[in-house]
$ cat model24.txt   # compact mmCIF, C-alpha atoms
# COMPACT_ATOMS: atom_id res chain seq x y z
CA MET A 1 14.33 -6.59 -50.40
CA PHE A 2 14.20 -5.08 -46.91
CA GLY A 3 14.92 -7.21 -43.83
CA SER A 4 12.40 -7.41 -41.00
CA ASP A 5 14.55 -4.96 -39.01
CA ALA A 6 14.39 -2.25 -41.67
CA PHE A 7 11.33 -0.61 -40.14
CA ASN A 8 12.39 -1.13 -36.52
CA PRO A 9 13.49 2.19 -34.91
CA ASN A 10 16.24 0.32 -33.01
CA HIS A 11 17.69 -0.99 -36.29
CA ALA A 12 19.63 2.24 -36.95
CA ALA A 13 21.07 2.13 -33.43
CA LYS A 14 22.23 -1.45 -33.97
CA ILE A 15 23.99 -0.43 -37.17
CA GLN A 16 25.64 2.53 -35.39
CA LEU A 17 26.75 0.34 -32.48
CA ARG A 18 28.13 -2.34 -34.80
CA ALA A 19 30.10 0.32 -36.67
CA ALA A 20 31.52 1.54 -33.35
CA GLY A 21 32.45 -2.02 -32.33
CA GLN A 22 29.74 -2.26 -29.64
CA SER A 23 26.76 -4.57 -29.43
CA GLY A 24 23.34 -4.59 -27.84
CA GLY A 25 21.48 -1.36 -27.38
CA GLY A 26 18.58 0.68 -28.57
CA ILE A 27 17.03 4.09 -28.67
CA ASP A 28 15.40 5.42 -25.51
CA GLU A 29 12.30 7.64 -25.35
CA HIS A 30 14.47 10.74 -25.84
CA GLY A 31 16.06 9.45 -29.06
CA LYS A 32 19.40 8.71 -27.42
CA THR A 33 21.31 5.53 -28.16
CA THR A 34 21.54 3.23 -25.18
CA ARG A 35 23.89 0.36 -24.52
CA MET A 36 22.75 -2.92 -23.02
CA VAL A 37 24.47 -4.19 -19.91
CA ASN A 38 24.78 -7.89 -19.29
CA LEU A 39 23.25 -8.50 -15.88
CA PRO A 40 23.43 -11.94 -14.34
CA VAL A 41 20.07 -13.63 -14.03
CA GLU A 42 19.77 -16.30 -11.39
CA TYR A 43 17.00 -18.46 -10.01
CA SER A 44 16.14 -18.08 -6.35
CA GLY A 45 14.14 -20.57 -4.37
CA LYS A 46 13.26 -17.87 -1.84
CA PRO A 47 9.65 -16.67 -1.72
CA VAL A 48 9.08 -13.24 -3.28
CA THR A 49 6.27 -10.72 -3.30
CA PRO A 50 5.61 -7.57 -5.32
CA PHE A 51 4.75 -5.94 -1.99
CA GLY A 52 8.10 -6.58 -0.33
CA ASP A 53 8.29 -2.98 0.86
CA LEU A 54 5.54 -3.85 3.36
CA ALA A 55 8.29 -5.51 5.39
CA LEU A 56 9.15 -1.94 6.44
CA MET A 57 5.56 -1.43 7.58
CA LYS A 58 5.78 -4.69 9.51
CA ARG A 59 8.88 -3.36 11.26
CA PHE A 60 6.96 -0.15 12.05
CA VAL A 61 4.04 -2.17 13.49
CA ASP A 62 6.46 -4.20 15.61
CA ARG A 63 8.40 -1.20 16.90
CA THR A 64 5.33 0.77 17.90
CA GLY A 65 3.77 -2.20 19.73
CA ILE A 66 0.41 -1.42 18.17
CA ARG A 67 -0.55 -5.11 17.98
CA GLU A 68 -0.33 -5.40 21.73
CA HIS A 69 -2.32 -2.20 22.20
CA LEU A 70 -5.07 -3.26 19.79
CA VAL A 71 -5.73 -6.30 21.98
CA THR A 72 -6.56 -3.98 24.90
CA LEU A 73 -9.25 -2.09 22.96
CA ASP A 74 -12.95 -2.94 22.79
CA LEU A 75 -12.79 -4.39 19.28
CA PRO A 76 -15.87 -6.11 17.88
CA ARG A 77 -16.12 -9.85 18.26
CA GLY A 78 -18.21 -12.15 16.16
CA ARG A 79 -18.42 -15.07 13.79
CA PHE A 80 -15.38 -13.86 11.83
CA GLN A 81 -13.30 -14.49 14.94
CA LEU A 82 -13.61 -18.23 14.43
CA ARG A 83 -11.07 -17.82 11.62
CA ARG A 84 -9.42 -14.43 12.20
CA ARG A 85 -8.51 -12.49 15.30
CA PRO A 86 -9.63 -8.83 15.22
CA VAL A 87 -6.00 -7.66 15.17
CA HIS A 88 -5.39 -9.87 12.12
CA VAL A 89 -8.36 -8.29 10.32
CA ILE A 90 -7.13 -4.77 11.15
CA GLU A 91 -3.57 -5.48 10.00
CA GLY A 92 -4.85 -7.10 6.82
CA PHE A 93 -6.97 -4.02 6.15
CA TRP A 94 -3.97 -1.76 6.76
CA MET A 95 -1.95 -3.80 4.27
CA GLY A 96 -4.74 -3.32 1.75
CA ILE A 97 -4.74 0.43 2.29
CA TRP A 98 -0.93 0.60 2.12
CA THR A 99 -1.03 -1.16 -1.25
CA GLY A 100 -3.74 1.11 -2.68
CA ALA A 101 -7.00 -0.71 -1.94
CA SER A 102 -10.06 1.53 -1.91
CA HIS A 103 -12.69 -1.17 -1.28
CA TYR A 104 -12.83 -4.37 0.75
CA ILE A 105 -12.74 -6.39 -2.45
CA ASP A 106 -9.45 -4.72 -3.42
CA CYS A 107 -7.88 -6.25 -0.30
CA ASP A 108 -8.69 -9.70 -1.71
CA LEU A 109 -5.72 -9.34 -4.07
CA LEU A 110 -3.45 -9.73 -1.06
CA ARG A 111 -5.06 -13.07 -0.15
CA GLN A 112 -3.19 -14.67 -3.03
CA ASP A 113 0.18 -13.51 -1.67
CA GLY A 114 1.41 -16.15 0.76
CA THR A 115 4.76 -14.45 1.16
CA LEU A 116 3.16 -11.23 2.40
CA ALA A 117 1.00 -13.19 4.86
CA ALA A 118 4.14 -14.93 6.12
CA ILE A 119 5.93 -11.59 6.63
CA PHE A 120 3.12 -10.58 9.00
CA GLY A 121 2.98 -14.04 10.57
CA TYR A 122 -0.33 -15.26 9.16
CA MET A 123 -1.28 -18.34 7.20
CA ARG A 124 -3.67 -16.35 4.99
CA GLN A 125 -5.06 -12.85 4.70
CA PRO A 126 -8.68 -12.06 5.65
CA SER A 127 -11.36 -12.06 2.97
CA GLN A 128 -13.78 -9.36 1.88
CA SER A 129 -16.49 -10.92 4.05
CA ASN A 130 -14.16 -10.85 7.09
CA TYR A 131 -13.66 -7.11 6.62
CA SER A 132 -17.35 -6.43 5.99
CA GLU A 133 -18.45 -8.33 9.05
CA PHE A 134 -15.74 -6.90 11.32
CA PHE A 135 -16.21 -3.25 10.41
CA GLY A 136 -20.00 -3.72 10.23
CA ARG A 137 -19.97 -4.52 13.94
CA PHE A 138 -18.72 -1.06 14.88
CA SER A 139 -21.46 1.16 16.33
CA LEU A 140 -21.86 4.85 17.05
CA ALA A 141 -20.81 4.18 20.64
CA ARG A 142 -17.89 1.88 19.82
CA ASN A 143 -16.32 4.12 17.13
CA PRO A 144 -15.23 6.98 19.41
CA ALA A 145 -14.35 4.57 22.23
CA VAL A 146 -11.94 2.58 20.06
CA PHE A 147 -10.57 5.13 17.64
CA THR A 148 -10.13 8.00 20.08
CA ALA A 149 -8.16 5.74 22.42
CA LEU A 150 -6.15 4.31 19.53
CA GLN A 151 -5.32 7.74 18.10
CA ARG A 152 -4.34 9.13 21.51
CA TRP A 153 -2.09 6.14 22.19
CA PHE A 154 -0.51 6.30 18.74
CA PHE A 155 0.43 9.98 18.99
CA GLU A 156 1.85 9.39 22.46
CA GLN A 157 4.14 6.74 20.93
CA ILE A 158 5.59 8.97 18.23
CA ASN A 159 5.98 11.90 20.65
CA ILE A 160 5.83 14.75 18.15
CA GLY A 161 5.36 17.49 20.75
CA ALA A 162 3.17 20.50 19.96
CA VAL A 163 1.07 20.50 16.81
CA THR A 164 -0.61 23.40 15.06
CA VAL A 165 -3.85 22.50 13.33
CA ASP A 166 -4.86 24.80 10.49
CA PHE A 167 -8.51 24.48 9.59
CA ASP A 168 -9.37 25.58 6.09
CA SER A 169 -11.89 28.42 6.14
CA THR A 170 -12.71 28.41 2.44
CA ALA A 171 -16.29 29.53 1.93
CA VAL A 172 -18.37 27.32 -0.31
CA ILE A 173 -21.32 29.02 -2.01
CA ARG A 174 -24.29 26.76 -2.60
CA LYS A 175 -27.60 27.72 -4.08
CA GLY A 176 -26.54 31.35 -4.40
CA SER A 177 -25.97 32.16 -0.72
CA ARG A 178 -22.88 32.07 1.42
CA ARG A 179 -22.81 29.59 4.31
CA GLY A 180 -20.14 28.59 6.75
CA SER A 181 -17.28 30.87 7.70
CA ALA A 182 -17.41 34.63 7.63
CA LYS A 183 -15.28 36.47 5.09
CA GLY A 184 -12.09 37.94 6.48

$ encode --input "model24.txt" --output "C-alpha cells"
Amino acid sequence: MFGSDAFNPNHAAKIQLRAAGQSGGGIDEHGKTTRMVNLPVEYSGKPVTPFGDLALMKRFVDRTGIREHLVTLDLPRGRFQLRRRPVHVIEGFWMGIWTGASHYIDCDLLRQDGTLAAIFGYMRQPSQSNYSEFFGRFSLARNPAVFTALQRWFFEQINIGAVTVDFDSTAVIRKGSRRGSAKG
C-alpha cells in the first residue's frame, strides 16, 4: 500500500520539489528543504592525501630553514640511523603531532601515506620503533643542550620582539593546606 519512500523524511521534500518543478533535494538538520547541485565528478591520476594541508607545514619548514639547523645540533645517533636520518625522524614526529597523534604508535598511521612522505621528500615515514629509539637516546644532559639551542634559534627566526610571560599563580590546596604561591 505504501511505497518504500513513505517513511523516508526526505520523501515529503521530493514531493514538494516535484510540485514546484524542481528535482533532487532533501531536508537538512534544521528541517529546511535543500536543493541538490550537480557537481562534476572526475577521476584524477594525481596522488592525494587526507593530510594535504601539511603541504603548508612543509612550506613553513622550508622557509624557516629548520632542517639545516637541526643538522648542526647534537642529535642522538644510533641504529635507527641506518634507515632514517635524525632530521627525518624529527620531521616525521612533527607530522604526527600536527595530525593529532598523541603516542608514537599514532604516528604509524602516516606510514601508509606515500603522498605525504613524498611531499616531505621521503620514501617512507619512520616507524614507532624509530621514534622510540631516537627519543630514548636523549639524556638529561642532551635535552637542554639540544632543545634550548633549538628554541633560541627558532624564536630568533620569527623575530617577535618583546614577549610578556604571565605565570599563573593559582593556589592549589592539597591535603588541607595551602602550598605554592602566597595569596594576593

$ closest_residue --input "model24.txt" --among "A:Arg137, A:Arg111, A:His30, A:Arg85" --to "A:Leu70" --atoms "all atoms listed in the file"
A:Arg85

$ closest_residue --input "model24.txt" --among "A:Pro50, A:Trp153, A:Pro76, A:Trp94" --to "A:Gln112" --atoms "all atoms listed in the file"
A:Pro50

$ residues_around --input "model24.txt" --residues "A:Phe51" --least-positions-apart "5" --cutoff "9 Å" --atoms "all atoms listed in the file" --output "ChimeraX atom specification"
/A:99,113,116

$ atom_distance --input "model24.txt" --atom1 "atom CA of A:Thr64" --atom2 "atom CA of A:Gln157"
6.8 Å

$ atom_distance --input "model24.txt" --atom1 "atom CA of A:Arg67" --atom2 "atom CA of A:Val87"
6.6 Å

$ closest_residue --input "model24.txt" --among "A:Ile90, A:Leu109, A:Ile119, A:Val37" --to "A:Leu56" --atoms "only C-alpha atoms"
A:Ile119

$ residues_around --input "model24.txt" --residues "A:Tyr104" --least-positions-apart "6" --cutoff "8 Å" --atoms "all atoms listed in the file" --output "VMD selection string"
chain A and resid 93 128 131 to 132

$ atom_distance --input "model24.txt" --atom1 "atom CA of A:Gly121" --atom2 "atom CA of A:Gly92"
11.1 Å

$ closest_residue --input "model24.txt" --among "A:Met95, A:His88, A:Phe167, A:Leu110" --to "A:Phe134" --atoms "all atoms listed in the file"
A:His88

$ residues_around --input "model24.txt" --residues "A:Thr148" --least-positions-apart "6" --cutoff "12 Å" --atoms "only C-alpha atoms" --output "list in words"
Leu73, Asp74, Ala141, Arg142, Phe154 and Phe155 of chain A

$ closest_residue --input "model24.txt" --among "A:Leu39, A:Leu140, A:Leu54, A:Ile66" --to "A:Glu156" --atoms "all atoms listed in the file"
A:Ile66

$ closest_residue --input "model24.txt" --among "A:Ser129, A:Gln151, A:Thr115, A:Ser102" --to "A:Val48" --atoms "all atoms listed in the file"
A:Thr115

$ residues_around --input "model24.txt" --residues "A:Ser127" --least-positions-apart "6" --cutoff "8 Å" --atoms "all atoms listed in the file" --output "MDAnalysis selection string"
chainID A and resid 105 107:108 111

$ residues_around --input "model24.txt" --residues "A:Gly65" --least-positions-apart "3" --cutoff "12 Å" --atoms "all atoms listed in the file" --output "ChimeraX atom specification"
/A:58-62,68-72,150,153-154,157-158

$ decode --input "model24.txt" --residues "stretch 56-123 of chain A" --atoms "C-alpha atoms" --output "PDB file, in the first residue's frame"
ATOM      1  CA  LEU A  56      51.659  24.344   4.249  1.00  0.00           C
ATOM      2  CA  MET A  57      53.711  23.000   7.153  1.00  0.00           C
ATOM      3  CA  LYS A  58      56.307  21.774   4.666  1.00  0.00           C
ATOM      4  CA  ARG A  59      56.494  25.287   3.246  1.00  0.00           C
ATOM      5  CA  PHE A  60      56.932  26.624   6.795  1.00  0.00           C
ATOM      6  CA  VAL A  61      59.745  24.127   7.471  1.00  0.00           C
ATOM      7  CA  ASP A  62      61.448  25.126   4.222  1.00  0.00           C
ATOM      8  CA  ARG A  63      61.132  28.870   4.799  1.00  0.00           C
ATOM      9  CA  THR A  64      62.479  28.765   8.331  1.00  0.00           C
ATOM     10  CA  GLY A  65      65.471  26.611   7.356  1.00  0.00           C
ATOM     11  CA  ILE A  66      64.937  24.440  10.399  1.00  0.00           C
ATOM     12  CA  ARG A  67      66.122  21.293   8.589  1.00  0.00           C
ATOM     13  CA  GLU A  68      69.519  22.845   8.049  1.00  0.00           C
ATOM     14  CA  HIS A  69      69.678  23.993  11.664  1.00  0.00           C
ATOM     15  CA  LEU A  70      68.702  20.584  13.057  1.00  0.00           C
ATOM     16  CA  VAL A  71      71.748  19.085  11.356  1.00  0.00           C
ATOM     17  CA  THR A  72      74.001  21.390  13.403  1.00  0.00           C
ATOM     18  CA  LEU A  73      72.591  20.208  16.747  1.00  0.00           C
ATOM     19  CA  ASP A  74      73.872  17.328  18.864  1.00  0.00           C
ATOM     20  CA  LEU A  75      71.068  14.950  17.929  1.00  0.00           C
ATOM     21  CA  PRO A  76      71.295  11.328  19.060  1.00  0.00           C
ATOM     22  CA  ARG A  77      72.775   8.832  16.666  1.00  0.00           C
ATOM     23  CA  GLY A  78      72.207   5.120  16.715  1.00  0.00           C
ATOM     24  CA  ARG A  79      70.965   2.020  14.987  1.00  0.00           C
ATOM     25  CA  PHE A  80      67.862   3.823  13.686  1.00  0.00           C
ATOM     26  CA  GLN A  81      70.178   5.994  11.595  1.00  0.00           C
ATOM     27  CA  LEU A  82      70.872   3.068   9.288  1.00  0.00           C
ATOM     28  CA  ARG A  83      67.400   3.677   7.860  1.00  0.00           C
ATOM     29  CA  ARG A  84      66.425   7.195   8.947  1.00  0.00           C
ATOM     30  CA  ARG A  85      68.382  10.383   9.465  1.00  0.00           C
ATOM     31  CA  PRO A  86      67.636  12.136  12.783  1.00  0.00           C
ATOM     32  CA  VAL A  87      66.077  15.087  10.940  1.00  0.00           C
ATOM     33  CA  HIS A  88      63.753  12.664   9.138  1.00  0.00           C
ATOM     34  CA  VAL A  89      62.643  11.169  12.464  1.00  0.00           C
ATOM     35  CA  ILE A  90      62.004  14.626  13.937  1.00  0.00           C
ATOM     36  CA  GLU A  91      60.007  15.809  10.915  1.00  0.00           C
ATOM     37  CA  GLY A  92      58.016  12.581  10.888  1.00  0.00           C
ATOM     38  CA  PHE A  93      57.227  13.086  14.570  1.00  0.00           C
ATOM     39  CA  TRP A  94      56.160  16.683  13.902  1.00  0.00           C
ATOM     40  CA  MET A  95      53.835  15.458  11.158  1.00  0.00           C
ATOM     41  CA  GLY A  96      52.328  13.013  13.635  1.00  0.00           C
ATOM     42  CA  ILE A  97      51.751  15.774  16.175  1.00  0.00           C
ATOM     43  CA  TRP A  98      50.319  18.115  13.530  1.00  0.00           C
ATOM     44  CA  THR A  99      47.807  15.425  12.557  1.00  0.00           C
ATOM     45  CA  GLY A 100      46.750  14.705  16.143  1.00  0.00           C
ATOM     46  CA  ALA A 101      48.998  11.829  17.242  1.00  0.00           C
ATOM     47  CA  SER A 102      49.382  11.501  20.997  1.00  0.00           C
ATOM     48  CA  HIS A 103      51.570   8.371  21.042  1.00  0.00           C
ATOM     49  CA  TYR A 104      54.356   7.004  18.859  1.00  0.00           C
ATOM     50  CA  ILE A 105      52.010   4.331  17.563  1.00  0.00           C
ATOM     51  CA  ASP A 106      49.591   7.020  16.359  1.00  0.00           C
ATOM     52  CA  CYS A 107      52.331   8.273  14.017  1.00  0.00           C
ATOM     53  CA  ASP A 108      52.292   4.866  12.310  1.00  0.00           C
ATOM     54  CA  LEU A 109      49.096   5.887  10.509  1.00  0.00           C
ATOM     55  CA  LEU A 110      51.192   8.288   8.445  1.00  0.00           C
ATOM     56  CA  ARG A 111      53.480   5.462   7.291  1.00  0.00           C
ATOM     57  CA  GLN A 112      50.724   4.283   4.972  1.00  0.00           C
ATOM     58  CA  ASP A 113      50.528   7.674   3.252  1.00  0.00           C
ATOM     59  CA  GLY A 114      53.072   7.682   0.432  1.00  0.00           C
ATOM     60  CA  THR A 115      51.858  11.026  -0.864  1.00  0.00           C
ATOM     61  CA  LEU A 116      52.592  12.752   2.445  1.00  0.00           C
ATOM     62  CA  ALA A 117      56.060  11.183   2.560  1.00  0.00           C
ATOM     63  CA  ALA A 118      56.677  12.450  -0.981  1.00  0.00           C
ATOM     64  CA  ILE A 119      55.603  15.989  -0.017  1.00  0.00           C
ATOM     65  CA  PHE A 120      58.369  15.986   2.600  1.00  0.00           C
ATOM     66  CA  GLY A 121      60.817  14.257   0.264  1.00  0.00           C
ATOM     67  CA  TYR A 122      60.963  10.831   1.909  1.00  0.00           C
ATOM     68  CA  MET A 123      60.372   7.343   0.585  1.00  0.00           C
TER      69      MET A 123
END
